[in-house]
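Q: Hey, dropping work_23.cif in here, mmCIF, C-alpha atoms:
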```
data_target
loop_
_atom_site.label_atom_id
_atom_site.label_comp_id
_atom_site.auth_asym_id
_atom_site.auth_seq_id
_atom_site.Cartn_x
_atom_site.Cartn_y
_atom_site.Cartn_z
CA MET A 1 -53.49 75.74 11.71
CA PRO A 2 -55.27 73.23 9.40
CA PRO A 3 -52.96 71.25 7.10
CA THR A 4 -52.56 72.41 3.51
CA THR A 5 -53.52 70.13 0.64
CA LEU A 6 -49.87 69.28 0.03
CA GLU A 7 -49.24 68.58 3.70
CA ALA A 8 -52.32 66.36 3.92
CA ARG A 9 -51.09 64.40 0.90
CA GLY A 10 -47.65 64.02 2.44
CA ARG A 11 -48.95 62.81 5.79
CA GLU A 12 -51.53 60.51 4.25
CA THR A 13 -49.13 58.81 1.85
CA GLY A 14 -45.92 59.26 3.86
CA SER A 15 -44.29 60.41 0.64
CA LEU A 16 -41.98 63.34 -0.03
CA ARG A 17 -43.39 63.85 -3.52
CA PRO A 18 -45.65 66.75 -2.46
CA VAL A 19 -42.64 68.45 -0.87
CA LEU A 20 -40.50 67.93 -3.94
CA GLU A 21 -43.24 69.51 -6.06
CA ALA A 22 -42.96 72.68 -3.99
CA ILE A 23 -39.20 73.15 -4.55
CA PRO A 24 -38.42 75.43 -7.53
CA ALA A 25 -36.20 74.11 -10.32
CA ASP A 26 -33.57 76.82 -9.83
CA ALA A 27 -32.86 75.47 -6.32
CA TYR A 28 -30.99 72.63 -8.05
CA ALA A 29 -28.70 74.86 -10.13
CA ASN A 30 -25.04 74.00 -9.44
CA PRO A 31 -22.67 75.78 -11.83
CA THR A 32 -19.16 74.34 -11.84
CA TRP A 33 -17.48 77.67 -11.13
CA LYS A 34 -19.45 78.11 -7.92
CA GLY A 35 -18.52 74.74 -6.43
CA LEU A 36 -14.87 75.22 -7.39
CA GLY A 37 -14.98 78.69 -5.88
CA TYR A 38 -16.11 77.43 -2.48
CA PHE A 39 -13.60 74.57 -2.57
CA GLY A 40 -10.75 76.88 -3.56
CA ARG A 41 -11.61 79.46 -0.93
CA ASP A 42 -11.82 76.90 1.88
CA LEU A 43 -8.62 75.21 0.72
CA ALA A 44 -6.83 78.57 0.78
CA VAL A 45 -8.02 79.30 4.34
CA TYR A 46 -6.94 75.85 5.47
CA GLY A 47 -3.55 76.28 3.78
CA LEU A 48 -2.98 79.59 5.53
CA CYS A 49 -3.86 77.99 8.88
CA VAL A 50 -1.38 75.16 8.27
CA ALA A 51 1.35 77.62 7.31
CA ALA A 52 0.67 79.73 10.40
CA LEU A 53 0.65 76.70 12.70
CA ILE A 54 3.98 75.59 11.25
CA HIS A 55 5.48 79.04 11.77
CA TRP A 56 4.17 79.77 15.28
CA SER A 57 4.41 77.50 18.31
CA ASN A 58 3.44 79.95 21.06
CA PRO A 59 0.19 78.68 22.64
CA LEU A 60 -1.19 82.22 22.79
CA VAL A 61 -1.07 82.29 19.00
CA VAL A 62 -1.72 78.61 18.39
CA VAL A 63 -5.02 78.35 20.28
CA PRO A 64 -6.84 81.00 18.17
CA LEU A 65 -5.34 79.42 15.07
CA TRP A 66 -6.76 76.06 16.15
CA VAL A 67 -10.25 77.58 16.22
CA VAL A 68 -9.91 78.87 12.66
CA ALA A 69 -8.23 75.65 11.48
CA THR A 70 -11.06 73.58 12.99
CA LEU A 71 -13.60 75.69 11.14
CA ALA A 72 -11.56 75.46 7.93
CA VAL A 73 -11.47 71.65 8.16
CA SER A 74 -15.22 71.72 8.81
CA ALA A 75 -15.77 73.97 5.79
CA LEU A 76 -13.86 71.61 3.52
CA PHE A 77 -15.78 68.70 4.96
CA VAL A 78 -19.14 70.33 4.14
CA VAL A 79 -17.91 70.88 0.58
CA GLY A 80 -16.93 67.21 0.44
CA HIS A 81 -20.30 66.28 1.95
CA ASP A 82 -22.08 68.15 -0.85
CA ALA A 83 -19.89 66.47 -3.43
CA ALA A 84 -20.62 63.06 -1.91
CA HIS A 85 -24.32 63.78 -2.51
CA GLN A 86 -23.49 64.62 -6.16
CA ALA A 87 -24.94 68.08 -5.46
CA LEU A 88 -21.85 70.28 -5.86
CA PHE A 89 -21.29 69.64 -9.58
CA SER A 90 -23.23 68.10 -12.42
CA ARG A 91 -20.34 65.75 -13.28
CA ARG A 92 -19.86 62.67 -11.11
CA TRP A 93 -16.11 62.43 -11.65
CA LEU A 94 -15.65 66.04 -10.49
CA ASN A 95 -17.80 65.48 -7.40
CA ASP A 96 -15.79 62.38 -6.52
CA LEU A 97 -12.43 64.09 -7.13
CA VAL A 98 -13.21 67.23 -5.12
CA GLY A 99 -15.07 65.22 -2.46
CA ARG A 100 -12.09 62.98 -1.77
CA ALA A 101 -9.68 65.92 -1.65
CA ALA A 102 -11.96 68.02 0.59
CA MET A 103 -12.33 65.19 3.11
CA LEU A 104 -8.62 64.52 3.53
CA PRO A 105 -8.04 67.15 6.29
CA SER A 106 -10.85 65.50 8.30
CA TRP A 107 -9.33 62.02 7.73
CA HIS A 108 -12.56 60.68 6.21
CA LEU A 109 -12.96 57.81 3.77
CA TYR A 110 -15.08 59.24 0.98
CA SER A 111 -16.70 56.00 -0.20
CA ALA A 112 -17.44 54.82 3.35
CA TRP A 113 -19.08 58.17 4.02
CA VAL A 114 -21.17 57.86 0.85
CA PHE A 115 -22.51 54.50 2.01
CA GLY A 116 -23.08 55.27 5.67
CA HIS A 117 -24.33 58.83 5.26
CA ASN A 118 -26.15 58.86 1.93
CA ARG A 119 -27.66 55.39 1.97
CA VAL A 120 -28.17 54.61 5.64
CA HIS A 121 -28.57 57.93 7.46
CA HIS A 122 -30.52 59.70 4.70
CA GLY A 123 -32.36 56.57 3.68
CA PHE A 124 -33.62 55.80 7.20
CA THR A 125 -33.41 59.08 9.13
CA THR A 126 -34.51 58.70 12.78
CA ARG A 127 -35.78 55.15 12.15
CA GLN A 128 -35.35 52.71 15.02
CA GLY A 129 -32.69 50.10 14.36
CA TYR A 130 -31.51 51.67 11.09
CA ASP A 131 -30.19 55.22 11.42
CA PHE A 132 -26.94 54.80 13.35
CA VAL A 133 -26.11 58.51 13.74
CA TRP A 134 -26.97 59.48 17.33
CA HIS A 135 -29.36 56.54 17.55
CA PRO A 136 -30.82 56.70 21.09
CA TYR A 137 -30.70 53.90 23.63
CA THR A 138 -33.87 52.82 25.43
CA PRO A 139 -34.08 52.72 29.24
CA ALA A 140 -33.93 48.90 29.12
CA GLN A 141 -30.78 48.97 26.98
CA TYR A 142 -29.15 51.47 29.31
CA ALA A 143 -30.08 49.41 32.38
CA ALA A 144 -28.43 46.37 30.81
CA MET A 145 -25.12 48.21 30.25
CA THR A 146 -22.03 47.64 32.34
CA LYS A 147 -20.87 50.49 34.57
CA PRO A 148 -18.07 51.52 32.15
CA ALA A 149 -20.55 51.54 29.25
CA ARG A 150 -22.95 53.72 31.24
CA ALA A 151 -20.12 56.11 32.08
CA ARG A 152 -19.23 56.32 28.39
CA HIS A 153 -22.86 56.96 27.48
CA ARG A 154 -23.07 59.77 30.04
CA LEU A 155 -19.95 61.36 28.57
CA GLU A 156 -20.91 60.98 24.91
CA TRP A 157 -24.46 62.25 25.44
CA SER A 158 -23.28 65.37 27.27
CA PHE A 159 -22.57 68.65 25.49
CA ALA A 160 -18.84 68.11 26.00
CA GLY A 161 -18.84 64.55 24.64
CA ALA A 162 -20.17 65.05 21.12
CA GLY A 163 -16.69 64.76 19.65
CA ALA A 164 -15.97 61.57 21.58
CA TYR A 165 -19.22 60.05 20.31
CA TYR A 166 -18.53 60.98 16.71
CA LEU A 167 -14.92 59.83 16.89
CA ARG A 168 -15.82 56.40 18.27
CA GLU A 169 -19.21 55.60 16.81
CA VAL A 170 -19.07 57.22 13.35
CA TRP A 171 -15.44 57.76 12.38
CA TRP A 172 -13.88 54.67 13.95
CA HIS A 173 -16.60 52.00 13.85
CA LYS A 174 -18.53 53.06 10.76
CA MET A 175 -15.57 54.18 8.69
CA ILE A 176 -12.03 53.21 9.65
CA ARG A 177 -12.90 49.77 11.05
CA TRP A 178 -15.88 49.18 8.76
CA ARG A 179 -15.73 45.95 6.76
CA PRO A 180 -17.96 46.47 3.71
CA ASN A 181 -19.50 43.89 1.41
CA ASP A 182 -17.90 43.00 -1.92
CA ARG A 183 -19.53 45.89 -3.77
CA TRP A 184 -17.98 48.52 -1.52
CA ALA A 185 -14.78 46.74 -0.51
CA ALA A 186 -12.55 47.99 -3.34
CA PRO A 187 -13.43 51.72 -3.16
CA VAL A 188 -13.24 51.70 0.65
CA ARG A 189 -9.86 49.99 0.49
CA ARG A 190 -8.60 52.61 -1.99
CA ASP A 191 -9.88 55.49 0.12
CA ARG A 192 -8.38 53.97 3.26
CA ALA A 193 -5.04 53.84 1.45
CA LEU A 194 -5.50 57.42 0.17
CA VAL A 195 -6.13 58.83 3.64
CA GLY A 196 -3.30 56.77 5.13
CA ILE A 197 -0.82 57.88 2.48
CA ALA A 198 -1.88 61.53 2.79
CA LEU A 199 -1.41 61.44 6.57
CA ALA A 200 1.92 59.63 6.26
CA VAL A 201 3.23 62.11 3.69
CA ALA A 202 2.06 65.12 5.72
CA THR A 203 3.57 63.72 8.92
CA ALA A 204 6.84 62.79 7.21
CA GLY A 205 7.09 66.24 5.67
CA LEU A 206 6.57 68.00 8.99
CA VAL A 207 9.03 65.71 10.80
CA SER A 208 11.68 66.12 8.11
CA TRP A 209 11.29 69.90 8.01
CA SER A 210 11.47 70.16 11.80
CA LEU A 211 14.46 67.86 12.35
CA ASP A 212 16.39 69.31 9.42
CA GLY A 213 15.95 72.71 11.03
CA GLY A 214 17.58 71.48 14.21
CA ALA A 215 14.42 71.13 16.32
CA SER A 216 14.26 68.65 19.18
CA VAL A 217 12.15 65.51 19.10
CA ALA A 218 9.69 67.09 21.54
CA ALA A 219 9.36 70.17 19.34
CA THR A 220 8.81 67.94 16.31
CA VAL A 221 6.05 65.99 18.04
CA TRP A 222 4.46 69.27 19.10
CA LEU A 223 4.56 70.44 15.47
CA VAL A 224 2.72 67.35 14.22
CA VAL A 225 0.17 67.57 17.03
CA ARG A 226 -0.65 71.23 16.53
CA VAL A 227 -0.80 71.08 12.71
CA LEU A 228 -2.57 67.74 12.11
CA VAL A 229 -4.00 66.20 15.27
CA VAL A 230 -5.69 69.05 17.14
CA PRO A 231 -7.58 70.48 14.11
CA PHE A 232 -8.87 66.95 13.42
CA LEU A 233 -10.05 66.51 17.02
CA GLY A 234 -11.61 69.97 16.94
CA PHE A 235 -13.43 68.98 13.78
CA THR A 236 -14.85 65.82 15.40
CA PHE A 237 -16.34 67.93 18.21
CA THR A 238 -17.74 70.40 15.68
CA ILE A 239 -19.32 67.80 13.40
CA GLY A 240 -20.55 65.70 16.33
CA SER A 241 -22.29 68.75 17.82
CA ILE A 242 -23.76 69.75 14.46
CA VAL A 243 -25.23 66.32 13.77
CA HIS A 244 -26.57 66.20 17.33
CA VAL A 245 -28.58 69.42 16.99
CA HIS A 246 -29.82 68.26 13.59
CA HIS A 247 -31.55 65.16 14.95
CA ILE A 248 -31.67 65.27 18.77
CA ASP A 249 -34.25 67.60 20.27
CA PRO A 250 -37.14 67.17 22.74
CA GLU A 251 -39.53 67.91 19.85
CA ILE A 252 -37.92 65.47 17.40
CA LYS A 253 -39.38 61.99 17.47
CA TRP A 254 -37.45 58.86 16.61
CA LEU A 255 -39.85 56.41 15.03
CA ARG A 256 -40.54 52.71 15.27
CA ARG A 257 -40.31 50.75 12.05
CA ASP A 258 -44.09 50.42 11.78
CA GLU A 259 -44.73 54.18 12.08
CA TRP A 260 -41.78 55.52 10.07
CA THR A 261 -42.44 57.38 6.83
CA LYS A 262 -40.19 59.47 4.62
CA PHE A 263 -42.38 62.53 5.14
CA ALA A 264 -42.26 62.31 8.94
CA ALA A 265 -38.55 61.50 9.03
CA GLN A 266 -37.27 64.16 6.64
CA MET A 267 -39.73 66.97 7.39
CA GLU A 268 -39.93 66.56 11.17
CA GLY A 269 -36.84 64.50 12.01
CA THR A 270 -34.45 67.41 11.58
CA THR A 271 -34.35 71.18 11.85
CA VAL A 272 -33.60 74.52 10.23
CA LEU A 273 -31.27 76.44 12.54
CA ARG A 274 -30.38 79.96 11.44
CA THR A 275 -26.81 81.18 11.92
CA GLY A 276 -24.95 84.39 11.23
CA ARG A 277 -22.76 85.17 8.26
CA THR A 278 -19.51 84.28 10.02
CA LEU A 279 -20.61 80.74 10.87
CA ASN A 280 -22.23 80.27 7.46
CA PHE A 281 -18.91 81.29 5.88
CA PHE A 282 -17.49 78.03 7.23
CA LEU A 283 -20.53 75.76 7.63
CA HIS A 284 -22.09 76.59 4.24
CA TRP A 285 -25.74 76.59 5.33
CA ILE A 286 -25.55 72.98 6.54
CA MET A 287 -27.66 74.05 9.53
CA VAL A 288 -30.54 74.65 7.09
CA HIS A 289 -31.04 70.93 7.22
CA VAL A 290 -34.66 70.09 6.36
CA PRO A 291 -34.42 70.75 2.59
CA HIS A 292 -31.13 68.86 2.50
CA HIS A 293 -32.92 65.81 3.89
CA VAL A 294 -35.89 66.27 1.59
CA ASP A 295 -33.62 66.18 -1.45
CA MET A 296 -29.86 65.61 -1.25
CA ARG A 297 -29.39 67.03 -4.77
CA ILE A 298 -29.91 70.63 -3.61
CA PRO A 299 -26.49 72.34 -3.37
CA MET A 300 -25.60 73.91 -0.06
CA TYR A 301 -25.87 77.53 -1.25
CA ASN A 302 -29.50 76.98 -2.40
CA LEU A 303 -30.81 75.46 0.83
CA GLU A 304 -32.32 78.72 2.06
CA LYS A 305 -34.19 79.16 -1.22
CA ALA A 306 -35.57 75.63 -0.93
CA THR A 307 -36.54 76.26 2.70
CA ALA A 308 -38.57 79.33 1.76
CA ALA A 309 -40.50 77.31 -0.82
CA ILE A 310 -41.13 74.43 1.59
CA GLU A 311 -42.30 76.72 4.38
CA ALA A 312 -44.67 78.50 2.02
CA ALA A 313 -46.24 75.19 0.99
CA PHE A 314 -46.13 73.55 4.44
CA PRO A 315 -46.56 76.37 6.97
CA GLY A 316 -45.74 75.44 10.54
CA THR A 317 -44.55 71.94 9.68
CA ILE A 318 -40.79 72.26 10.06
CA THR A 319 -38.77 73.56 13.01
CA ASP A 320 -37.12 76.87 12.06
CA ARG A 321 -35.34 78.89 14.75
CA PRO A 322 -31.99 80.55 15.54
CA LEU A 323 -29.04 78.36 16.47
CA ARG A 324 -28.15 78.97 20.12
CA PHE A 325 -25.51 77.12 22.09
CA ARG A 326 -27.66 77.16 25.21
CA ASP A 327 -30.32 75.19 23.31
CA PHE A 328 -27.73 72.56 22.44
CA MET A 329 -26.73 72.33 26.11
CA ALA A 330 -30.39 72.09 27.15
CA ASN A 331 -30.99 69.33 24.61
CA THR A 332 -28.07 67.30 25.92
CA ARG A 333 -29.45 67.59 29.45
CA ARG A 334 -32.99 66.65 28.41
CA CYS A 335 -32.39 63.98 25.75
CA LYS A 336 -30.55 61.02 27.24
CA LEU A 337 -32.67 57.95 26.54
CA TYR A 338 -35.72 57.33 24.37
CA ASP A 339 -39.02 55.56 24.91
CA PHE A 340 -40.05 54.40 21.43
CA ASP A 341 -43.49 53.25 22.58
CA ALA A 342 -44.36 56.58 24.18
CA GLY A 343 -42.43 58.54 21.55
CA ARG A 344 -40.58 60.78 23.98
CA TRP A 345 -37.15 61.60 25.33
CA LEU A 346 -36.19 60.84 28.92
CA THR A 347 -33.54 62.03 31.33
CA TYR A 348 -31.64 59.39 33.30
CA ALA A 349 -33.76 60.18 36.37
CA GLU A 350 -37.00 59.79 34.43
CA ALA A 351 -35.84 56.49 32.96
CA ALA A 352 -34.86 55.19 36.41
CA ALA A 353 -38.28 56.12 37.78
#
```
Go ahead and render the structure in this file as structure tokens.
A:
Amino acid sequence: MPPTTLEARGRETGSLRPVLEAIPADAYANPTWKGLGYFGRDLAVYGLCVAALIHWSNPLVVVPLWVVATLAVSALFVVGHDAAHQALFSRRWLNDLVGRAAMLPSWHLYSAWVFGHNRVHHGFTTRQGYDFVWHPYTPAQYAAMTKPARARHRLEWSFAGAGAYYLREVWWHKMIRWRPNDRWAAPVRRDRALVGIALAVATAGLVSWSLDGGASVAATVWLVVRVLVVPFLGFTFTIGSIVHVHHIDPEIKWLRRDEWTKFAAQMEGTTVLRTGRTLNFFLHWIMVHVPHHVDMRIPMYNLEKATAAIEAAFPGTITDRPLRFRDFMANTRRCKLYDFDAGRWLTYAEAAA
């Protein structure tokens, strides 16, 4: 299919301006009541999960509750993610207030997320040496690793290791242990204190309630683990897997600095993956990811509208297909290391050869 005039302009200039011209104005509408409605609904679901996990300790009941609690934490996180982009509301103070509150169950520092996600990941998506989220290693870098480092890489780049990768590389190194410059030091320090205090208060409340009720120390530890720790770990696997399928795929190219453009990165460096109503109830259309990367100001519930406009103006340019777990597993088998000169993904065997 020959490129449209808009697509030709985008590829020639490397600019997203032609894409932005195709997005209708009503895709940016973000009434306050709608954002508060999603936040309130997700908060209510999460609250019910917490109450149920406090009340029941039988694993047969707890395990299904963990699944729902993980999704509820993920739902709140996506709301906070939209607020961090200043897309959920038209008022900055309301975005920042709701964003910080929505990210507490996922133990995230709001201001650190704003810097790392908005400025670095969105500013340099799939660019070599810049975008740190699932940035691939080259065969030479892998060959230079120690045996423990290689073992860790094999775990984290498997379908089962997405949570371990996210927990270590994004949450720990780029957030909790991150040492920002002077401009970001104060807000990061405040958010670190906010998350720490919230966790301390929640833990103290659970411990006090349990011990006052005559529970043993073991039962009290189990209470804290099942209410706070496991939903957080479940969330890290969920978000790690989501980000992986957004930017790691045999058809997605990571680009050298000299060939990187905004058009290539944001239109072809991520995907639109269609999900059912149940998953969208919790993930809020975050899998419709191309328009979100084209313009972060589009609220989550308008991403499908923006996608329709982009696909009409740029037919065949973006990847749009159903989300299937087997595709995620296939991607993790196929995409292990990356050859930036050849512009292709390699398995470990291919890299060794």
Q: Distance CA of Gly129 in chain A-CA of Trp254 in chain A, one decimal place?
A: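 Spanning CA of Gly129 in chain A to CA of Trp254 in chain A is a straight-line distance of 10.2 Å.
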Q: Apply the PyMOL selection byres ((chain A and resi 139-142) around 12) to the structure shown and report the selected residues as a PyMOL selection string.
A: chain A and resi 136-138+143-154+335-341+344-353
Q: If we count all atoms listed in the file, what is near Trp171 in chain A at a cut-off of 9 Å, once residues fewer than 3 positions away on the same chain are taken out, given as a list in words?
A: Trp107, His108, Leu109, Tyr166, Leu167, Arg168, Lys174, Met175, Ile176, Arg177 and Thr236 of chain A
Q: Would you save the residues of that selection, restricted to C-alpha atoms, as a tab-separated table (two decimals), in the frame of the given file?
A:
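File produced: again-v4.tsv:
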```tsv
chain	number	residue	atom	x	y	z
A	107	TRP	CA	-9.33	62.02	7.73
A	108	HIS	CA	-12.56	60.68	6.21
A	109	LEU	CA	-12.96	57.81	3.77
A	166	TYR	CA	-18.53	60.98	16.71
A	167	LEU	CA	-14.92	59.83	16.89
A	168	ARG	CA	-15.82	56.40	18.27
A	174	LYS	CA	-18.53	53.06	10.76
A	175	MET	CA	-15.57	54.18	8.69
A	176	ILE	CA	-12.03	53.21	9.65
A	177	ARG	CA	-12.90	49.77	11.05
A	236	THR	CA	-14.85	65.82	15.40
```
Q: Which polymer residues have any atom within 9 Å of an atom of Ser111 in chain A, counting all atoms listed in the file, with same-chain residues fewer than 4 positions away left out, as a list in words?
A: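 Residues near the query, excluding close chain neighbours: Ala84, Arg100, Phe115, Gly116, Trp184, Pro187, Val188, Arg190 and Asp191 of chain A.
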Q: Generate the output file for the selected residues, C-alpha atoms, as a PDB file, keeping the file's coordinate frame.
A:
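Result file is result35.pdb:
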```pdb
ATOM      1  CA  ALA A  84     -20.620  63.060  -1.910  1.00  0.00           C
ATOM      2  CA  ARG A 100     -12.090  62.980  -1.770  1.00  0.00           C
ATOM      3  CA  PHE A 115     -22.510  54.500   2.010  1.00  0.00           C
ATOM      4  CA  GLY A 116     -23.080  55.270   5.670  1.00  0.00           C
ATOM      5  CA  TRP A 184     -17.980  48.520  -1.520  1.00  0.00           C
ATOM      6  CA  PRO A 187     -13.430  51.720  -3.160  1.00  0.00           C
ATOM      7  CA  VAL A 188     -13.240  51.700   0.650  1.00  0.00           C
ATOM      8  CA  ARG A 190      -8.600  52.610  -1.990  1.00  0.00           C
ATOM      9  CA  ASP A 191      -9.880  55.490   0.120  1.00  0.00           C
TER      10      ASP A 191
END
```
Q: In Å to one decimal, how far is CA of Asn280 in chain A from CA of Val195 in chain A?
A: 27.1 Å
Q: Taking only C-alpha atoms into account, name the residue in A:Thr125, A:Ser15, A:Thr275, A:Ser208 that is nearest to Val243 in chain A.
A: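 Closest to Val243 in chain A, using only C-alpha atoms: A:Thr125.
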Q: Just the residues within 10 Å of His244 in chain A, please, counting only C-alpha atoms, with nothing from its chain fewer than 3 positions along; format it as an MDAnalysis selection string.
A: chainID A and resid 133:134 157 159 162 166 238:241 247:249 270 328 331:332
Q: Given the file shown, determine the residues that the PyMOL selection byres ((chain A and resi 20) around 10) selects; report them as a list in words.
A: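 Listing what the PyMOL selection byres ((chain A and resi 20) around 10) selects in the shown file: Ser15, Leu16, Arg17, Pro18, Val19, Glu21, Ala22, Ile23, Pro24, Ala25, Pro291, Val294, Asp295, Ala306, Ala309 and Ile310 of chain A.
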Q: Using the chain letters and numbers from this file, what does the PyMOL selection byres ((chain A and resi 57) around 12) select? Give the answer as a list in words.
A: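 On this input, the PyMOL selection byres ((chain A and resi 57) around 12) captures Val50, Ala51, Ala52, Leu53, Ile54, His55, Trp56, Asn58, Pro59, Leu60, Val61, Val62, Val63, Pro64, Leu65, Trp66, Ala219, Thr220, Val221, Trp222, Leu223, Val224, Val225, Arg226 and Val227 of chain A.
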Q: For each of A:Arg179, A:Tyr46, A:Thr13, A:Tyr165, take the minimum atom-to-atom distance to Val67 in chain A, counting all atoms listed in the file, then give the residue where this is smallest.
A: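 Result for the nearest residue to Val67 in chain A: A:Tyr46.
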